[in-house]
Each structure stands twice: as C-alpha cells, then as structure tokens.
>>> print(open('model-v6.tsv').read())   # TSV, C-alpha atoms
chain	number	residue	atom	x	y	z
J	1	MET	CA	114.16	126.04	65.80
J	2	ASN	CA	110.69	124.51	65.88
J	3	VAL	CA	109.21	122.86	68.95
J	4	ASN	CA	110.15	119.35	67.87
J	5	SER	CA	113.77	120.06	67.17
J	6	GLU	CA	113.99	122.13	70.35
J	7	THR	CA	112.53	119.24	72.35
J	8	LYS	CA	115.08	116.88	70.89
J	9	PHE	CA	117.92	119.35	71.39
J	10	ILE	CA	117.18	119.91	75.07
J	11	SER	CA	116.51	116.24	75.71
J	12	THR	CA	119.90	115.44	74.17
J	13	ILE	CA	121.70	118.14	76.18
J	14	SER	CA	120.10	116.84	79.36
J	15	HIS	CA	121.27	113.32	78.53
J	16	LYS	CA	124.79	114.54	77.73
J	17	LEU	CA	124.97	116.35	81.06
J	18	LYS	CA	123.84	113.28	82.94
J	19	THR	CA	126.62	111.13	81.52
J	20	PRO	CA	129.52	112.85	83.35
J	21	LEU	CA	127.27	113.28	86.39
J	22	ASN	CA	126.92	109.53	86.55
J	23	ALA	CA	130.68	109.29	87.06
J	24	VAL	CA	130.81	112.14	89.61
J	25	LEU	CA	128.01	110.64	91.71
J	26	GLY	CA	129.03	107.02	91.28
J	27	PHE	CA	132.74	107.30	92.04
J	28	SER	CA	132.23	109.61	95.02
J	29	GLU	CA	129.59	107.26	96.40
J	30	LEU	CA	131.82	104.25	95.87
J	31	LEU	CA	134.69	105.93	97.74
J	32	LEU	CA	132.32	106.87	100.56
J	33	GLU	CA	131.42	103.20	100.95
J	34	GLN	CA	135.09	102.80	101.94
J	35	VAL	CA	135.43	99.45	100.22
J	36	TYR	CA	138.89	100.51	99.03
J	37	GLY	CA	140.14	101.58	102.44
J	38	THR	CA	139.27	103.78	105.37
J	39	LEU	CA	139.00	107.54	104.86
J	40	ASN	CA	139.70	110.29	107.37
J	41	GLU	CA	137.09	112.84	108.44
J	42	LYS	CA	138.23	115.57	106.07
J	43	GLN	CA	138.24	113.19	103.09
J	44	ILE	CA	134.74	112.01	103.93
J	45	HIS	CA	133.58	115.62	104.30
J	46	TYR	CA	134.98	116.63	100.90
J	47	LEU	CA	133.56	113.55	99.20
J	48	LYS	CA	130.15	114.30	100.69
J	49	ASN	CA	130.43	117.84	99.28
J	50	ILE	CA	131.20	116.45	95.82
J	51	HIS	CA	128.35	113.95	96.05
J	52	SER	CA	125.72	116.38	97.31
J	53	SER	CA	126.72	118.97	94.68
J	54	GLY	CA	126.31	116.31	92.02
J	55	GLU	CA	122.91	115.43	93.44
J	56	ASN	CA	121.85	119.08	93.39
J	57	LEU	CA	122.90	119.35	89.78
J	58	LEU	CA	120.93	116.23	88.92
J	59	THR	CA	117.83	117.59	90.67
J	60	LEU	CA	118.17	120.83	88.73
J	61	LEU	CA	118.48	118.92	85.48
J	62	ASN	CA	115.43	116.75	86.19
J	63	ASP	CA	113.42	119.78	87.31
J	64	LEU	CA	114.37	121.64	84.14
J	65	MET	CA	113.26	118.72	81.99
J	66	ASP	CA	109.94	118.59	83.84
J	67	LEU	CA	109.40	122.30	83.26
J	68	MET	CA	110.31	122.12	79.58
J	69	ASN	CA	107.84	119.27	79.17
J	70	PHE	CA	105.08	121.42	80.70
J	71	ARG	CA	105.94	124.21	78.26
J	72	TRP	CA	105.83	121.91	75.29
J	73	GLY	CA	102.57	120.44	76.52
J	74	GLU	CA	104.27	117.06	76.44
J	75	THR	CA	103.31	116.03	79.94
J	76	GLN	CA	100.57	113.46	79.89
J	77	LEU	CA	98.92	111.85	82.86
J	78	ASN	CA	98.86	108.07	83.18
J	79	TYR	CA	95.97	107.51	85.55
J	80	SER	CA	95.82	104.48	87.81
J	81	ASP	CA	94.19	103.50	91.09
J	82	PHE	CA	96.46	103.34	94.12
J	83	SER	CA	96.38	103.55	97.89
J	84	LEU	CA	96.69	107.09	99.24
J	85	SER	CA	98.05	106.00	102.62
J	86	LEU	CA	100.71	103.81	101.00
J	87	ALA	CA	101.72	106.71	98.75
J	88	ILE	CA	102.03	109.00	101.79
J	89	ASN	CA	104.07	106.38	103.67
J	90	GLU	CA	106.37	105.89	100.72
J	91	ALA	CA	106.93	109.64	100.33
J	92	CYS	CA	107.74	109.92	104.05
J	93	GLU	CA	110.07	106.93	103.82
J	94	SER	CA	112.03	108.66	101.03
J	95	VAL	CA	112.85	111.63	103.29
J	96	LYS	CA	113.39	109.54	106.44
J	97	ASN	CA	117.17	109.98	106.58
J	98	TRP	CA	116.92	113.68	105.96
J	99	VAL	CA	114.42	114.36	108.79
J	100	ALA	CA	116.44	112.15	111.14
J	101	LYS	CA	119.59	114.12	110.31
J	102	LYS	CA	117.81	117.44	110.91
J	103	ASN	CA	116.10	116.11	114.02
J	104	ILE	CA	112.67	117.02	112.66
J	105	SER	CA	109.61	115.10	113.68
J	106	LEU	CA	107.58	113.93	110.69
J	107	GLU	CA	103.96	113.10	111.44
J	108	ILE	CA	101.28	111.48	109.29
J	109	LYS	CA	97.56	112.00	109.84
J	110	ASN	CA	95.43	109.97	107.48
J	111	GLY	CA	91.85	111.15	107.26
J	112	ALA	CA	88.97	108.73	107.43
J	113	GLY	CA	87.10	107.60	104.36
J	114	ILE	CA	89.93	107.53	101.82
J	115	SER	CA	91.57	104.41	100.60
J	116	VAL	CA	92.09	104.18	96.88
J	117	ILE	CA	92.50	107.28	94.74
J	118	ARG	CA	92.83	107.76	91.02
J	119	ALA	CA	95.71	109.91	89.75
J	120	ASP	CA	99.02	109.67	87.93
J	121	GLU	CA	100.95	107.83	90.63
J	122	ASP	CA	104.47	108.96	89.59
J	123	LYS	CA	103.41	112.57	89.37
J	124	PHE	CA	101.39	112.38	92.58
J	125	MET	CA	104.53	111.05	94.32
J	126	LYS	CA	106.50	113.96	92.88
J	127	ILE	CA	103.98	116.43	94.31
J	128	LEU	CA	104.28	114.84	97.76
J	129	HIS	CA	108.06	114.73	97.51
J	130	HIS	CA	108.39	118.39	96.49
J	131	LEU	CA	106.07	119.56	99.29
J	132	LEU	CA	107.79	117.45	101.94
J	133	SER	CA	111.26	118.53	100.74
J	134	ASN	CA	110.20	122.16	100.81
J	135	ALA	CA	108.81	121.84	104.35
J	136	ILE	CA	111.87	120.01	105.68
J	137	LYS	CA	114.24	122.45	104.02
J	138	PHE	CA	112.70	125.47	105.72
J	139	THR	CA	112.10	123.92	109.14
J	140	HIS	CA	114.70	124.34	111.87
J	141	PRO	CA	116.09	121.33	113.73
J	142	GLY	CA	113.72	120.24	116.45
J	143	GLY	CA	110.67	121.38	114.44
J	144	THR	CA	107.75	119.40	113.09
J	145	VAL	CA	106.43	118.59	109.63
J	146	GLU	CA	102.97	117.10	109.41
J	147	ILE	CA	101.33	115.61	106.36
J	148	SER	CA	97.60	115.03	106.54
J	149	THR	CA	94.89	113.90	104.16
J	150	GLN	CA	91.21	114.50	104.10
J	151	PHE	CA	88.26	113.52	102.00
J	152	LEU	CA	86.03	116.43	100.99
J	153	LYS	CA	82.47	116.32	99.73
J	154	THR	CA	82.52	119.95	98.67
J	155	PRO	CA	85.56	121.80	97.41
J	156	PRO	CA	87.12	124.31	99.80
J	157	GLU	CA	86.69	127.98	99.00
J	158	GLU	CA	90.23	128.23	97.63
J	159	ALA	CA	89.37	125.64	94.98
J	160	SER	CA	85.82	126.69	94.24
J	161	PHE	CA	86.35	126.65	90.46
J	162	LEU	CA	86.26	122.87	90.45
J	163	PHE	CA	83.12	121.19	89.25
J	164	PRO	CA	81.03	119.24	91.74
J	165	GLN	CA	82.39	115.88	92.79
J	166	THR	CA	84.37	114.60	95.75
J	167	TYR	CA	87.92	115.64	96.47
J	168	ILE	CA	91.11	114.65	98.20
J	169	GLU	CA	92.93	117.31	100.15
J	170	VAL	CA	96.53	116.84	101.19
J	171	THR	CA	98.18	119.30	103.55
J	172	VAL	CA	101.83	119.61	104.48
J	173	ALA	CA	102.30	121.85	107.50
J	174	ASP	CA	105.62	122.82	109.01
J	175	THR	CA	106.92	124.85	111.94
J	176	GLY	CA	109.54	126.51	109.74
J	177	ILE	CA	110.43	130.07	108.88
J	178	GLY	CA	107.10	130.88	107.22
J	179	ILE	CA	106.35	133.05	104.19
J	180	GLN	CA	105.41	136.74	104.24
J	181	PRO	CA	102.01	137.54	102.61
J	182	GLN	CA	103.65	139.44	99.71
J	183	ASP	CA	105.66	136.35	98.76
J	184	GLN	CA	102.92	133.74	99.01
J	185	GLU	CA	101.85	133.81	95.38
J	186	LYS	CA	105.36	134.46	93.98
J	187	ILE	CA	106.89	131.32	95.49
J	188	PHE	CA	105.10	129.27	92.84
J	189	SER	CA	106.96	131.11	90.05
J	190	GLU	CA	110.05	129.77	88.31
J	191	PHE	CA	113.31	130.42	90.15
J	192	TYR	CA	111.63	132.63	92.76
J	193	GLN	CA	113.37	132.33	96.07
J	194	VAL	CA	112.34	134.44	99.02
J	195	ASP	CA	115.02	136.85	100.27
J	196	PRO	CA	118.08	136.32	98.11
J	197	ASN	CA	120.36	137.21	101.03
J	198	ARG	CA	119.20	134.12	102.83
J	199	SER	CA	119.19	131.70	99.93
J	200	GLN	CA	122.67	130.43	100.69
J	201	ASP	CA	121.40	128.67	103.76
J	202	PHE	CA	118.65	126.95	101.82
J	203	GLU	CA	120.07	125.39	98.70
J	204	GLY	CA	117.60	124.54	96.02
J	205	THR	CA	116.70	125.06	92.41
J	206	GLY	CA	113.77	127.40	92.97
J	207	LEU	CA	111.74	125.17	90.67
J	208	GLY	CA	110.17	122.68	93.06
J	209	LEU	CA	106.99	124.60	93.90
J	210	CYS	CA	106.54	125.73	90.32
J	211	ILE	CA	106.63	122.11	89.16
J	212	THR	CA	104.33	121.09	92.00
J	213	ARG	CA	101.73	123.64	90.94
J	214	GLU	CA	101.90	122.48	87.31
J	215	LEU	CA	101.45	118.85	88.39
J	216	VAL	CA	98.45	119.73	90.57
J	217	LYS	CA	96.96	121.77	87.71
J	218	LEU	CA	97.35	118.82	85.34
J	219	HIS	CA	95.20	116.83	87.77
J	220	ARG	CA	92.67	119.65	87.52
J	221	GLY	CA	93.33	120.60	91.09
J	222	LYS	CA	94.49	123.62	93.00
J	223	ILE	CA	97.32	124.37	95.42
J	224	TRP	CA	97.69	127.23	97.88
J	225	VAL	CA	99.66	128.25	100.93
J	226	GLU	CA	98.68	129.71	104.27
J	227	SER	CA	101.45	131.17	106.35
J	228	GLU	CA	102.57	133.82	108.74
J	229	GLY	CA	106.21	134.86	108.68
J	230	GLY	CA	108.10	133.07	111.45
J	231	LYS	CA	105.23	130.78	112.32
J	232	GLY	CA	105.47	128.03	109.77
J	233	SER	CA	103.66	127.33	106.52
J	234	LYS	CA	100.79	125.14	105.46
J	235	PHE	CA	100.65	124.00	101.83
J	236	SER	CA	97.43	122.33	100.71
J	237	PHE	CA	96.31	120.90	97.44
J	238	VAL	CA	93.02	119.49	96.31
J	239	ILE	CA	92.39	117.16	93.40
J	240	PRO	CA	89.19	115.44	92.29
J	241	ARG	CA	88.96	112.03	93.90
J	242	ILE	CA	87.99	110.03	90.84
J	243	ASP	CA	88.65	111.20	87.35
J	244	ASN	CA	87.34	108.84	84.75
J	245	GLN	CA	88.03	111.32	82.00
J	246	GLY	CA	91.77	110.94	82.51
M	247	MET	CA	124.43	83.98	89.58
M	248	ALA	CA	128.05	84.71	90.46
M	249	GLY	CA	130.14	84.16	87.37
M	250	ALA	CA	127.36	85.27	85.04
M	251	LYS	CA	128.66	86.92	81.88
M	252	ILE	CA	127.61	90.51	81.32
M	253	LEU	CA	128.18	92.46	78.12
M	254	LEU	CA	128.53	96.10	79.13
M	255	VAL	CA	128.08	98.55	76.27
M	256	ASP	CA	128.85	102.21	76.92
M	257	ASP	CA	130.99	104.66	74.98
M	258	THR	CA	131.89	106.67	78.09
M	259	ARG	CA	135.04	105.24	79.64
M	260	LEU	CA	134.28	106.45	83.19
M	261	ASN	CA	130.79	104.97	83.19
M	262	ARG	CA	132.12	101.65	81.94
M	263	GLU	CA	134.83	101.65	84.58
M	264	LEU	CA	132.34	102.40	87.37
M	265	ALA	CA	129.81	99.79	86.27
M	266	LYS	CA	132.57	97.22	85.71
M	267	ASP	CA	134.10	97.73	89.17
M	268	LEU	CA	130.70	97.44	90.84
M	269	LEU	CA	129.73	94.30	88.94
M	270	GLU	CA	133.12	92.60	89.32
M	271	MET	CA	132.79	93.06	93.08
M	272	GLU	CA	129.70	90.85	92.82
M	273	GLY	CA	131.69	88.17	91.02
M	274	TYR	CA	130.34	88.73	87.51
M	275	GLN	CA	132.45	88.38	84.41
M	276	ILE	CA	132.41	91.60	82.39
M	277	ILE	CA	132.90	91.97	78.66
M	278	GLU	CA	133.13	95.57	77.46
M	279	ALA	CA	132.07	97.16	74.20
M	280	ILE	CA	132.13	100.82	73.21
M	281	SER	CA	130.08	100.84	70.02
M	282	GLY	CA	127.01	99.25	68.51
M	283	LYS	CA	128.99	97.14	66.07
M	284	GLU	CA	131.33	95.92	68.79
M	285	CYS	CA	128.30	95.04	70.92
M	286	ILE	CA	126.76	92.87	68.20
M	287	LYS	CA	130.10	91.20	67.43
M	288	LYS	CA	130.85	90.43	71.08
M	289	ALA	CA	127.30	89.24	71.74
M	290	ARG	CA	127.70	86.67	68.93
M	291	GLN	CA	131.18	85.63	70.09
M	292	ASN	CA	130.57	85.42	73.84
M	293	LYS	CA	126.83	84.68	74.21
M	294	PRO	CA	126.56	86.74	77.43
M	295	ASP	CA	123.81	86.12	80.01
M	296	ILE	CA	122.69	89.72	79.73
M	297	ILE	CA	123.51	92.88	77.76
M	298	LEU	CA	123.53	96.32	79.36
M	299	LEU	CA	123.15	98.66	76.43
M	300	ASP	CA	123.69	102.42	76.40
M	301	ILE	CA	121.38	104.20	73.95
M	302	GLU	CA	123.72	106.92	72.69
M	303	LEU	CA	126.58	105.17	70.93
M	304	PRO	CA	128.99	106.66	68.41
M	305	ASP	CA	128.18	104.48	65.38
M	306	MET	CA	124.54	103.50	65.81
M	307	SER	CA	121.91	104.10	68.45
M	308	GLY	CA	121.02	101.45	71.02
M	309	LEU	CA	117.57	101.36	69.44
M	310	GLU	CA	119.14	100.22	66.17
M	311	VAL	CA	121.40	97.75	67.96
M	312	ILE	CA	118.49	95.96	69.62
M	313	LYS	CA	116.70	95.61	66.28
M	314	VAL	CA	119.73	93.74	64.92
M	315	ILE	CA	119.97	91.58	68.03
M	316	LYS	CA	116.28	90.68	68.00
M	317	LYS	CA	116.50	89.56	64.37
M	318	ASP	CA	119.48	87.25	65.01
M	319	THR	CA	118.20	83.85	66.20
M	320	GLU	CA	121.59	83.03	67.78
M	321	ILE	CA	121.42	85.92	70.25
M	322	ASN	CA	117.82	87.11	70.31
M	323	SER	CA	117.03	85.32	73.58
M	324	ILE	CA	119.65	87.29	75.53
M	325	PRO	CA	117.91	89.91	77.68
M	326	VAL	CA	118.92	93.44	76.75
M	327	VAL	CA	118.58	96.16	79.36
M	328	ALA	CA	118.62	99.82	78.33
M	329	PHE	CA	121.27	101.59	80.35
M	330	THR	CA	120.52	105.22	79.82
M	331	GLY	CA	119.82	108.77	80.91
M	332	TYR	CA	116.70	108.87	78.73
M	333	ASN	CA	114.28	108.36	81.55
M	334	ARG	CA	111.04	109.93	80.42
M	335	HIS	CA	107.99	107.73	80.59
M	336	GLU	CA	107.40	107.90	76.81
M	337	GLU	CA	111.01	106.94	76.16
M	338	GLN	CA	110.77	103.98	78.51
M	339	GLU	CA	107.58	102.73	76.85
M	340	ASN	CA	109.38	102.90	73.54
M	341	PHE	CA	112.25	100.77	74.91
M	342	LEU	CA	109.89	98.02	76.03
M	343	ALA	CA	108.10	98.04	72.68
M	344	LEU	CA	111.43	97.48	70.91
M	345	GLY	CA	112.17	94.37	72.95
M	346	PHE	CA	114.27	95.67	75.82
M	347	SER	CA	113.73	93.63	79.00
M	348	GLY	CA	113.77	96.80	81.07
M	349	PHE	CA	115.94	99.78	81.86
M	350	ILE	CA	118.47	100.94	84.40
M	351	PRO	CA	118.37	104.71	84.61
M	352	LYS	CA	121.56	106.75	84.65
M	353	PRO	CA	122.83	108.20	86.88
M	354	PHE	CA	122.44	105.03	88.92
M	355	ASP	CA	122.66	104.49	92.63
M	356	VAL	CA	125.89	102.63	93.44
M	357	ARG	CA	124.16	100.49	96.07
M	358	LYS	CA	121.13	99.66	93.95
M	359	PHE	CA	122.89	99.07	90.64
M	360	PRO	CA	124.18	95.51	91.33
M	361	GLN	CA	120.75	94.58	92.76
M	362	MET	CA	119.02	95.81	89.61
M	363	VAL	CA	121.34	93.78	87.41
M	364	ALA	CA	120.82	90.74	89.66
M	365	LYS	CA	117.05	91.11	89.26
M	366	PHE	CA	117.29	91.00	85.46
M	367	LEU	CA	119.61	87.99	85.62
M	368	LYS	CA	117.23	86.20	87.96
M	369	ASN	CA	114.31	86.82	85.62
M	370	LYS	CA	116.32	85.34	82.81
M	371	LEU	CA	117.41	82.24	84.71
M	372	GLY	CA	113.93	81.76	86.09
M	373	SER	CA	112.30	81.83	82.68
>>> encode(input="model-v6.tsv", output="structure tokens")
Amino acid sequence: MNVNSETKFISTISHKLKTPLNAVLGFSELLLEQVYGTLNEKQIHYLKNIHSSGENLLTLLNDLMDLMNFRWGETQLNYSDFSLSLAINEACESVKNWVAKKNISLEIKNGAGISVIRADEDKFMKILHHLLSNAIKFTHPGGTVEISTQFLKTPPEEASFLFPQTYIEVTVADTGIGIQPQDQEKIFSEFYQVDPNRSQDFEGTGLGLCITRELVKLHRGKIWVESEGGKGSKFSFVIPRIDNQG
Amino acid sequence: MAGAKILLVDDTRLNRELAKDLLEMEGYQIIEAISGKECIKKARQNKPDIILLDIELPDMSGLEVIKVIKKDTEINSIPVVAFTGYNRHEEQENFLALGFSGFIPKPFDVRKFPQMVAKFLKNKLGS
C-alpha cells in the first residue's frame, strides 16, 4: 500500500468509526438531558459511563488521525495573527467544568509585552488544551494548575537551537503527582504512560504529549518538562514570536 | 424559523433518527433521504430551506451530489451544509470550494447541533 492509498484507507476507517460513535454520544446525551422523562441516579450514572467512554474513543480517534498526519507529513500550518491572552482564556474556558468538578484552582498569569502572536491558531489551541488536560488529569482535588506566558528576547537554554529572534514562552505548572527524572523524556513518546499499574486511575490515550511535541516542533519551537516526583510538574514550550516564513 | 423545511441526507439510520428528533423538537419539518439520488429528487420536489448532506452515501458521494445541485437552476440557491466526519482542514476547504455553505462536524454536540442549523437558516433568510 503506498502512502496515498494508506492515507485514504485510514481516513475512511476513521470516518466509519465516527459514524456509530455519533449515535452512541448523541443518544446518550439526549437521554441525559431528560427531555423524555426523569431518570434515577443509577440510570444517569450508567448513561454518563456510556457517554464518557464514547468521548474517550473519539479523542483516541482524533489523536490517531493527528499522529498519522504527522507521519505522512500532511500537517501544514495555517499561520494567522491572534491574541495570546484570548487564546489562553478560551483554552481555560474549555476545561472550566472539569476543574470545577475536580475542585482544582486554575490560574492565569499573562506576562507583560505580549498581545498579538503569529501561529497556527487551531494547532496552538490544541497545544494549550493538551497541556491543560494533562495537568488537570494528574492533579489531585484541591490542587492548583497555573498557566503563564512570557515574552523572551533571548531563547532559554533548553531551546538554544533556535535562531535569534523574540519568543513566546507558555508554561503550565501543576501541583500534581509529578514525573520521575527517568520518565521525563519518555512521556513525549507514543502511548507511553508512566507506571502501568497506576494508569487505571488516569484514563487517557497516551498520545496527548506526543502530539503536543509534534505541534510545537512544527512551529519550530521546543517543549520540555521540569518536575520532581510528588511535587508537581511544569511543562514549558517556546515558539518564535513572529514567523513570516510560515 | 420554526416550520422551516430541512432535507436531511444520511445513509445511517441512527444518525438520521437522532438529527431528526433534535430538529423536530425545534419545530422544523424534516424530509429524509438516504442516498444521493433520493436527495436530488427530494430537493427538486420539496424545495427545502436547507440541505444537510452526508458525504459518504451508498450511490454517489456528497461531493458529486452538490455538483448536480449547483448546476440545477431550480435548486442551486438552497444552502447545502456538509454533515460529516471528514473534519480535516484540507477537507473542509475543499467543501467550501465546491459550493457548500459550511459544515457540521460529526459526531455533533446534541446541544449545539440545533443552534448550528439555526445559524445556517438565518444566514439564508438574511441574504
């Protein structure tokens, strides 16, 4: 099978899988709205299980498609100018219900000197979403997740390969379970999940950080993590502020 | 907008049933079609206010269906919305180039779906 027919094959499979998922998600959601009558607690609980399993499957499917596109070199960036603080607010808004449910405090710290940035807005939002989701997932109730931005005139040491221009750094710090030094590079690999015995408590596809790194790389940036086991993690990425070559 | 006529084209029974229930709750009149040919026939017969068109159909693809619709002066002013799981950016660009008024991605959010349809209807009535 050549690359083109493989692309088409997987794109078709993904579409075929989404069709029944549409019914699973839609009907369970419709029942949960209780427009056709009141449900008891157990019924609501089971329906929520069906719905969240469907959502997990959909996330997995979308993540897989993203990864396949990276492999095929089919991912292209559509650069535009947009407001960094609005993007951060929107990303935080999309996880609002989740942090409220887990009783996690989500804080935003916008650095001075940044307003408009140039990047692929959809993909930038995906990066923010994956990092926030990851932080929330591994933070215990009562903990804190903080997202901060800063404008850099020189690249940080971790990203020293970048050529000279100005940069945007975004950091997502959490008070979660942390990552042991030996796992810090591996967590960006496909399907790598720290400590398989624990993975049942933290559902996920194991693809989020891998996709995030690819998206940062496409923006000619760099991502890294600083963490001590048990003391939370700090994910940072840096991308050039303006990229007219995009 | 209540009472607007919507031609819903999807070959998957469960998806049609879900979309139909949601749209009927909003007071729309739903006409169903399960193939490309049936879509074109019913569009000519019923002159719907909008067509929600699945891309993967048994007899012809939605991309072929819209070409036929856009060539037919009787029905070429009806907005056609792609109703599909093909959600990649390149695919969406292609839809717009072919004359689709927009797209509603599948799987859709039950709460947002009627609002999305209403937005397309509003655009049509406003134009």
>>> interface_residues(input="model-v6.tsv", of="chain J", to="chain M", cutoff="7 Å", atoms="all atoms listed in the file", output="PyMOL selection string")
chain J and resi 15+18+21-23+26-27+29-30
>>> residues_around(input="model-v6.tsv", residues="region 210-225 of chain J", least_positions_apart="6", cutoff="10 Å", atoms="all atoms listed in the file", output="JSON, numbers by chain")
{"J": [63, 64, 66, 67, 70, 75, 76, 77, 79, 118, 119, 120, 123, 124, 126, 127, 128, 129, 130, 131, 158, 159, 160, 161, 162, 163, 167, 168, 169, 170, 171, 172, 173, 179, 181, 184, 185, 186, 187, 188, 189, 190, 191, 192, 233, 234, 235, 236, 237, 238, 239, 240, 241, 243, 246]}
>>> atom_distance(input="model-v6.tsv", atom1="CA of Ser14 (chain J)", atom2="CA of Thr205 (chain J)")
15.8 Å
>>> atom_distance(input="model-v6.tsv", atom1="CA of Lys137 (chain J)", atom2="CA of Met125 (chain J)")
17.8 Å
>>> residues_around(input="model-v6.tsv", residues="Leu254 (chain M)", least_positions_apart="3", cutoff="9 Å", atoms="all atoms listed in the file", output="ChimeraX atom specification")
/M:262,265-266,276-280,285,296-300
>>> atom_distance(input="model-v6.tsv", atom1="CA of Lys231 (chain J)", atom2="CA of Asp174 (chain J)")
8.6 Å
>>> residues_around(input="model-v6.tsv", residues="Ser83 (chain J)", least_positions_apart="2", cutoff="7 Å", atoms="all atoms listed in the file", output="JSON, numbers by chain")
{"J": [85, 86, 87, 115, 116, 117]}
>>> residues_around(input="model-v6.tsv", residues="Glu284 (chain M)", least_positions_apart="4", cutoff="12 Å", atoms="all atoms listed in the file", output="list in words")
Leu253, Leu254, Val255, Asp256, Asp257, Ile277, Glu278, Ala279, Ile280, Lys288, Ala289, Arg290, Gln291, Asn292, Leu299, Leu303, Pro304, Asp305, Met306, Gly308 and Val311 of chain M
>>> closest_residue(input="model-v6.tsv", among="M:Ala328, M:Leu269, M:Ile286, M:Ala250", to="Asn340 (chain M)", atoms="only C-alpha atoms")
M:Ala328
>>> closest_residue(input="model-v6.tsv", among="M:Ala248, M:Ile350, M:Val326, M:Met362", to="Glu272 (chain M)", atoms="all atoms listed in the file")
M:Ala248
